[in-house]
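**Student:** Quick one: the structure is below, and I'll ask about it shortly.
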Amino acid sequence: MIQMEKMKTEQLLETADKSVLFTAKRPNIVMERGKGMYMWDTDGNRYLDFVGGWAVASLGHSPAALQEALTHQSATLVHASPGYYNRPMIEFAELLTSVSGMDKAFFASSGAEANESAIKLARKHGAVNLDGAYEIITLTNSFHGRSLATMSATGKAQWKELFAPKVDGFKHVPINDLDACFAAVTNQTCAIMVELVQGEGGVHCVDEAYLFGLRKICDMYGMLLIFDEIQTGFGRTGKLFAYEHYGIQPDVMTLGKGIGAGFPLSAMLTKSKYDLFEPGEQGGTYTGSPLAMAVGYAVLTELLEQNLTNNAMLQGENIVSGLQELSREFPISEIRGKGLLLAFDVPEGAALDLAAICLREGLLINSPTPSTIRLVPPLIVTQKDCDEMLNILRRAFKQLKLSEASI
Ligand SMILES: *Cc1c(COP(=O)(O)O)cnc(C)c1O
């Protein structure tokens with residue numbers, strides 16, 4: 001066995017350069033440990049985490065509930081095979097469907113797989129119930145994942161020409177433009193798929209009237225309405241699911257990120273009447289794996305017992321009023337979002353600099369675009385954490401050198 005001696009930071013970074021395939025620009029630090037709202041790097045620097053593992057660490061870092069579930073389940077049964085039911089699979093499916101207003105659950109490990117599953121179900125519905133219709137309408141600026149089909153569903157302009165040929169059958173229409181969506185419907189359309197708050201696209205919400213219209217179009221033509229709640233679900237927006245803000249139910253909902261609080265887990269939920277797959281058409285080695293199911297059960301239980309959804313709403317309001325105050329002194333505009341899925345705009349290009357200064361000051365924040373800062377902290381965040389975040393942000397703005405042109 002190759003024994004790795006404990007490497008120092010500099011050596012770790014050199015080794016990363018040598019051995020880790022380049023897919024992302026990452027800062028020159030190496031994360032080593034996490035607890036609650038904080039992570040520590042290999043030099044012992046502490047970071048207040050408002051990226052939250054990319055809207056994943058809903059219960060904070062290394063939460064006790066997840067540790068206990070993993071310890072107990074790994075000593076009981078780790079993997080049973082997708083060919084058998086297992087106890088945690090059934091128990092979690094029952095709990096998840098009972099709180100979500102849906103009937104049936106399919107489990108996978110990543111958001112892309114959950115969406116891939118929703119796309120397949122929509123096409124199956126088209127094949128069985130809509131004379132072979134297969135087209136899916138999605139939104140410009142949306143994000144649905146990085147598999148080939150979910151990249152094709154995604155409405156990112158930069159991805160348009162990438163990895164051609166794309167998976168056929170996706171039409172993109174602008175958000176909150178019901179006429180454009182209506183115009184895109186043909187007898188080949190089997191579904192409309194939307195995020196209720198576009199997370200990666202810079203935190204843009206769908207309007208209530210628009211969503212109501214989408215529901216109506218789908219009902220009129222028998223098409224599926226799919227909500228990608230991978231980022232918005234599990235309490236993130238101050239409701240357990242974002243669709244509760246609108247009072248409009250989907251036919252299919254996908255979940256990921258916060259559902260596993262850091263453990264790879266995702267789900268596609270649907271109604272009984274769309275339980276359409278034949279054996280072999282959908283599955284996966286890790287579908288409903290006992291370890292993941294036990295984690296999902298523990299995370300959801302913790303979320304409900306600690307009323308973290310309510311905390312997301314309260315702390316979201318705190319952050320928004322703090323940002324409004326900061327905006328009197330600094331170039332902050334378009335403060336937006338729901339619950340703890342928040343963003344604001346800064347002058348074009350300043351977001352990356354601001355995030356880099358915050359990192360030096362011990363705060364992790366994310367810039368999904370060069371002019372947008374996104375805040376997606378763990379749902380356990382307290383008023384004190386929010387105050388600390390706002391203080392660091394204030395210090396960072398003071399250091400930020402804005403070019404004359406951008407102010
Ligand atoms: C993150 C995300 C995905 C993709 O999830 P992965 O786990 O990265 O595959 C899909 N849709 C939305 C809305 C997301 O935020």
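The way I read the labels, and the way they are meant: chains A, B, ... in the order of the structure tokens, residue 1 as the first residue of every chain, and ligand 1 as the first ligand shown, with later ones counted on from there.
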Let me see if you get this right: every residue at most 6 Å from ligand 1, counting only C-alpha atoms and all ligand atoms, written as a list in words.
**Tutor:**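 Listing the residues within 6 Å of ligand 1 gives Ser110, Gly111, Ala112, Phe143, His144, Gly145, Glu195, Gly199, Asp228, Ile230 and Gln231 of chain A.
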**Student:** Determine, counting only C-alpha atoms, which protein, DNA and RNA residues have an atom within 12 Å of an atom of stretch 77-80 of chain A; residues of the same chain fewer than 2 positions away are not included. Present the result as a ChimeraX atom specification.
**Tutor:** /A:69-75,82-89,285-295
**Student:** Would you save the residues of that selection, restricted to C-alpha atoms, as a compact mmCIF listing (two decimals), in the first residue's frame?
**Tutor:**
```
# COMPACT_ATOMS: atom_id res chain seq x y z
CA ALA A 69 -27.06 7.93 10.55
CA LEU A 70 -23.87 6.93 8.69
CA THR A 71 -22.40 5.19 11.74
CA HIS A 72 -25.55 3.24 12.51
CA GLN A 73 -26.43 2.32 8.92
CA SER A 74 -22.87 1.46 7.86
CA ALA A 75 -22.76 -1.04 10.73
CA PRO A 82 -30.74 -2.24 -6.62
CA GLY A 83 -32.43 -5.61 -7.17
CA TYR A 84 -33.81 -5.72 -3.62
CA TYR A 85 -35.92 -3.46 -1.46
CA ASN A 86 -34.22 -2.39 1.75
CA ARG A 87 -35.70 -0.98 4.95
CA PRO A 88 -34.32 2.62 4.81
CA MET A 89 -35.38 2.92 1.13
CA THR A 285 -26.44 0.74 -9.14
CA TYR A 286 -26.85 3.17 -6.25
CA THR A 287 -30.57 3.85 -6.48
CA GLY A 288 -32.10 3.68 -3.00
CA SER A 289 -28.84 2.56 -1.40
CA PRO A 290 -29.39 1.94 2.34
CA LEU A 291 -26.60 4.31 3.39
CA ALA A 292 -27.98 7.21 1.33
CA MET A 293 -31.57 6.47 2.38
CA ALA A 294 -30.67 6.45 6.08
CA VAL A 295 -28.94 9.81 5.60
```
**Student:** Distance atom CA of A:Leu354-atom CA of A:Ser371, one decimal place?
**Tutor:**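 Result for atom CA of A:Leu354 versus atom CA of A:Ser371: 10.0 Å, one decimal.
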**Student:** What residues in stretch 118-171 of chain A get the DSSP label helix (DSSP H, G or I)? Please answer as number ranges by chain.
**Tutor:** A: 118-129, 148-153, 157-159
**Student:** Can those selected residues be exported to a file as a short mmCIF file (atom, residue, chain, number, x, y, z; two decimals), in the first residue's frame so that it contains N, CA and C atoms?
**Tutor:**
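Written out: out01.cif:
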```
data_model
loop_
_atom_site.label_atom_id
_atom_site.label_comp_id
_atom_site.auth_asym_id
_atom_site.auth_seq_id
_atom_site.Cartn_x
_atom_site.Cartn_y
_atom_site.Cartn_z
N ALA A 118 -36.22 12.65 -14.74
CA ALA A 118 -37.45 13.41 -15.03
C ALA A 118 -37.63 13.56 -16.54
N ILE A 119 -36.52 13.78 -17.24
CA ILE A 119 -36.57 13.92 -18.71
C ILE A 119 -37.03 12.60 -19.33
N LYS A 120 -36.49 11.50 -18.84
CA LYS A 120 -36.90 10.18 -19.35
C LYS A 120 -38.37 9.92 -19.05
N LEU A 121 -38.81 10.29 -17.86
CA LEU A 121 -40.22 10.06 -17.50
C LEU A 121 -41.14 10.90 -18.41
N ALA A 122 -40.72 12.14 -18.68
CA ALA A 122 -41.52 13.01 -19.56
C ALA A 122 -41.61 12.41 -20.95
N ARG A 123 -40.50 11.86 -21.46
CA ARG A 123 -40.52 11.25 -22.79
C ARG A 123 -41.35 9.97 -22.79
N LYS A 124 -41.28 9.25 -21.68
CA LYS A 124 -42.10 8.03 -21.56
C LYS A 124 -43.58 8.41 -21.59
N HIS A 125 -43.92 9.46 -20.85
CA HIS A 125 -45.29 9.97 -20.84
C HIS A 125 -45.71 10.39 -22.25
N GLY A 126 -44.80 11.05 -22.96
CA GLY A 126 -45.07 11.44 -24.35
C GLY A 126 -45.32 10.23 -25.23
N ALA A 127 -44.48 9.21 -25.04
CA ALA A 127 -44.60 7.99 -25.85
C ALA A 127 -45.90 7.26 -25.57
N VAL A 128 -46.26 7.18 -24.29
CA VAL A 128 -47.43 6.39 -23.90
C VAL A 128 -48.73 7.17 -24.08
N ASN A 129 -48.71 8.46 -23.70
CA ASN A 129 -49.97 9.21 -23.61
C ASN A 129 -50.14 10.34 -24.63
N LEU A 148 -25.10 14.96 -20.52
CA LEU A 148 -25.36 15.52 -21.86
C LEU A 148 -26.81 15.99 -22.01
N ALA A 149 -27.76 15.18 -21.53
CA ALA A 149 -29.17 15.57 -21.66
C ALA A 149 -29.48 16.79 -20.79
N THR A 150 -28.95 16.81 -19.57
CA THR A 150 -29.27 17.95 -18.70
C THR A 150 -28.52 19.22 -19.13
N MET A 151 -27.36 19.06 -19.77
CA MET A 151 -26.69 20.23 -20.38
C MET A 151 -27.52 20.76 -21.53
N SER A 152 -28.15 19.85 -22.25
CA SER A 152 -29.00 20.27 -23.38
C SER A 152 -30.26 20.96 -22.86
N ALA A 153 -30.75 20.51 -21.73
CA ALA A 153 -31.91 21.15 -21.11
C ALA A 153 -31.55 22.53 -20.55
N ALA A 157 -26.14 30.35 -22.16
CA ALA A 157 -25.69 30.74 -23.50
C ALA A 157 -24.30 30.16 -23.80
N GLN A 158 -23.40 30.13 -22.77
CA GLN A 158 -22.02 29.67 -23.00
C GLN A 158 -21.96 28.18 -23.34
N TRP A 159 -23.02 27.45 -23.05
CA TRP A 159 -23.00 25.99 -23.29
C TRP A 159 -23.57 25.61 -24.65
#
```
**Student:** Write out as a PyMOL selection string the residues lying within 8 Å of A:Ser367, counting only C-alpha atoms and excluding same-chain residues fewer than 6 positions away.
**Tutor:** chain A and resi 351-352+355+373-374
**Student:** Could you give me, as a PyMOL selection string, the residues within 6 Å of A:Gly60, counting only C-alpha atoms and dropping anything in the same chain fewer than 5 positions from it?
**Tutor:** chain A and resi 36-37+378
**Student:** Using DSSP assignments from the backbone, pull out every residue in stretch 16-120 of chain A that falls under strand (DSSP E or B) and give it to me as a VMD selection string.
**Tutor:** chain A and resid 31 to 36 38 to 41 46 to 49 61 104 to 108
**Student:** Report as a list in words all protein, DNA and RNA residues lying within 10 Å of A:Arg360, evaluated on only C-alpha atoms, omitting residues in the same chain fewer than 3 positions from it.
**Tutor:**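 The neighbour list is Asn45, Tyr47, Ala355, Ala356, Ile357, Leu363, Leu364 and Ala396 of chain A.
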**Student:** Go ahead and dump the residues you just picked, N, CA, C and O atoms, as a PDB file, in the first residue's frame.
**Tutor:**
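After the write, selection_37.pdb holds the following:
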```pdb
ATOM      1  N   ASN A  45      -6.507  28.255   8.821  1.00  0.00           N
ATOM      2  CA  ASN A  45      -7.367  29.439   8.670  1.00  0.00           C
ATOM      3  C   ASN A  45      -8.829  29.024   8.717  1.00  0.00           C
ATOM      4  O   ASN A  45      -9.207  28.004   8.138  1.00  0.00           O
ATOM      5  N   TYR A  47     -12.913  29.781   7.987  1.00  0.00           N
ATOM      6  CA  TYR A  47     -13.799  30.493   7.056  1.00  0.00           C
ATOM      7  C   TYR A  47     -15.252  30.357   7.482  1.00  0.00           C
ATOM      8  O   TYR A  47     -15.730  29.245   7.716  1.00  0.00           O
ATOM      9  N   ALA A 355     -15.433  38.518  -3.888  1.00  0.00           N
ATOM     10  CA  ALA A 355     -15.380  37.163  -3.328  1.00  0.00           C
ATOM     11  C   ALA A 355     -13.956  36.819  -2.902  1.00  0.00           C
ATOM     12  O   ALA A 355     -13.740  36.187  -1.863  1.00  0.00           O
ATOM     13  N   ALA A 356     -12.966  37.273  -3.695  1.00  0.00           N
ATOM     14  CA  ALA A 356     -11.560  36.990  -3.366  1.00  0.00           C
ATOM     15  C   ALA A 356     -11.134  37.735  -2.102  1.00  0.00           C
ATOM     16  O   ALA A 356     -10.421  37.179  -1.262  1.00  0.00           O
ATOM     17  N   ILE A 357     -11.567  38.990  -1.959  1.00  0.00           N
ATOM     18  CA  ILE A 357     -11.227  39.745  -0.738  1.00  0.00           C
ATOM     19  C   ILE A 357     -11.892  39.084   0.478  1.00  0.00           C
ATOM     20  O   ILE A 357     -11.273  38.915   1.525  1.00  0.00           O
ATOM     21  N   LEU A 363     -14.302  34.778   4.868  1.00  0.00           N
ATOM     22  CA  LEU A 363     -15.713  34.564   4.534  1.00  0.00           C
ATOM     23  C   LEU A 363     -15.829  33.950   3.138  1.00  0.00           C
ATOM     24  O   LEU A 363     -15.236  34.454   2.182  1.00  0.00           O
ATOM     25  N   LEU A 364     -16.580  32.874   3.039  1.00  0.00           N
ATOM     26  CA  LEU A 364     -16.823  32.252   1.735  1.00  0.00           C
ATOM     27  C   LEU A 364     -18.149  32.756   1.175  1.00  0.00           C
ATOM     28  O   LEU A 364     -19.190  32.586   1.809  1.00  0.00           O
ATOM     29  N   ALA A 396     -14.760  44.229   3.187  1.00  0.00           N
ATOM     30  CA  ALA A 396     -14.344  43.870   1.825  1.00  0.00           C
ATOM     31  C   ALA A 396     -14.690  44.989   0.845  1.00  0.00           C
ATOM     32  O   ALA A 396     -13.884  45.333  -0.018  1.00  0.00           O
TER      33      ALA A 396
END
```
**Student:** Find the spatial neighbours of A:Trp40, counting only C-alpha atoms, within a cut-off of 12 Å - ignore same-chain residues fewer than 6 positions away - and output them as a VMD selection string.
**Tutor:** chain A and resid 29 to 34 46 to 49 61 359 362 to 364
**Student:** Give me, please, the distance in Å between atom CA of A:Leu390 and atom CA of A:Gly339, quoted to one decimal.
**Tutor:**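 It comes out at 16.5 Å.
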**Student:** Which neighbours of stretch 204-208 of chain A fall inside 6 Å, counting only C-alpha atoms, when residues of the same chain fewer than 4 positions from it are skipped, and could you give them as a PDB file with all heavy atoms, in the first residue's frame?
**Tutor:**
```
ATOM      1  N   ASN A 176     -40.597  34.126 -17.322  1.00  0.00           N
ATOM      2  CA  ASN A 176     -41.716  35.042 -17.070  1.00  0.00           C
ATOM      3  C   ASN A 176     -42.330  35.650 -18.342  1.00  0.00           C
ATOM      4  O   ASN A 176     -42.892  36.733 -18.300  1.00  0.00           O
ATOM      5  CB  ASN A 176     -41.302  36.157 -16.088  1.00  0.00           C
ATOM      6  CG  ASN A 176     -41.026  35.590 -14.697  1.00  0.00           C
ATOM      7  OD1 ASN A 176     -41.622  34.589 -14.304  1.00  0.00           O
ATOM      8  ND2 ASN A 176     -40.123  36.206 -13.978  1.00  0.00           N
ATOM      9  N   LEU A 196     -37.919  27.216  -9.897  1.00  0.00           N
ATOM     10  CA  LEU A 196     -38.789  28.293  -9.399  1.00  0.00           C
ATOM     11  C   LEU A 196     -37.970  29.522  -9.026  1.00  0.00           C
ATOM     12  O   LEU A 196     -38.428  30.651  -9.138  1.00  0.00           O
ATOM     13  CB  LEU A 196     -39.627  27.801  -8.226  1.00  0.00           C
ATOM     14  CG  LEU A 196     -40.513  26.599  -8.589  1.00  0.00           C
ATOM     15  CD1 LEU A 196     -41.420  26.232  -7.442  1.00  0.00           C
ATOM     16  CD2 LEU A 196     -41.311  26.834  -9.853  1.00  0.00           C
ATOM     17  N   VAL A 197     -36.757  29.285  -8.564  1.00  0.00           N
ATOM     18  CA  VAL A 197     -35.766  30.352  -8.452  1.00  0.00           C
ATOM     19  C   VAL A 197     -34.534  29.834  -9.186  1.00  0.00           C
ATOM     20  O   VAL A 197     -33.981  28.802  -8.803  1.00  0.00           O
ATOM     21  CB  VAL A 197     -35.385  30.660  -6.992  1.00  0.00           C
ATOM     22  CG1 VAL A 197     -34.410  31.833  -6.930  1.00  0.00           C
ATOM     23  CG2 VAL A 197     -36.613  30.941  -6.130  1.00  0.00           C
ATOM     24  N   GLN A 198     -34.126  30.529 -10.240  1.00  0.00           N
ATOM     25  CA  GLN A 198     -32.938  30.090 -10.977  1.00  0.00           C
ATOM     26  C   GLN A 198     -31.717  30.343 -10.106  1.00  0.00           C
ATOM     27  O   GLN A 198     -31.361  31.486  -9.857  1.00  0.00           O
ATOM     28  CB  GLN A 198     -32.825  30.854 -12.297  1.00  0.00           C
ATOM     29  CG  GLN A 198     -33.956  30.524 -13.262  1.00  0.00           C
ATOM     30  CD  GLN A 198     -33.803  31.194 -14.616  1.00  0.00           C
ATOM     31  OE1 GLN A 198     -33.218  32.276 -14.715  1.00  0.00           O
ATOM     32  NE2 GLN A 198     -34.322  30.556 -15.647  1.00  0.00           N
ATOM     33  N   TYR A 246     -45.994  29.435  -4.100  1.00  0.00           N
ATOM     34  CA  TYR A 246     -46.876  29.754  -5.223  1.00  0.00           C
ATOM     35  C   TYR A 246     -48.225  29.041  -5.133  1.00  0.00           C
ATOM     36  O   TYR A 246     -49.165  29.410  -5.819  1.00  0.00           O
ATOM     37  CB  TYR A 246     -46.201  29.357  -6.541  1.00  0.00           C
ATOM     38  CG  TYR A 246     -44.910  30.085  -6.812  1.00  0.00           C
ATOM     39  CD1 TYR A 246     -43.692  29.611  -6.305  1.00  0.00           C
ATOM     40  CD2 TYR A 246     -44.897  31.254  -7.571  1.00  0.00           C
ATOM     41  CE1 TYR A 246     -42.507  30.270  -6.561  1.00  0.00           C
ATOM     42  CE2 TYR A 246     -43.706  31.919  -7.833  1.00  0.00           C
ATOM     43  CZ  TYR A 246     -42.515  31.426  -7.327  1.00  0.00           C
ATOM     44  OH  TYR A 246     -41.336  32.078  -7.574  1.00  0.00           O
TER      45      TYR A 246
END
```
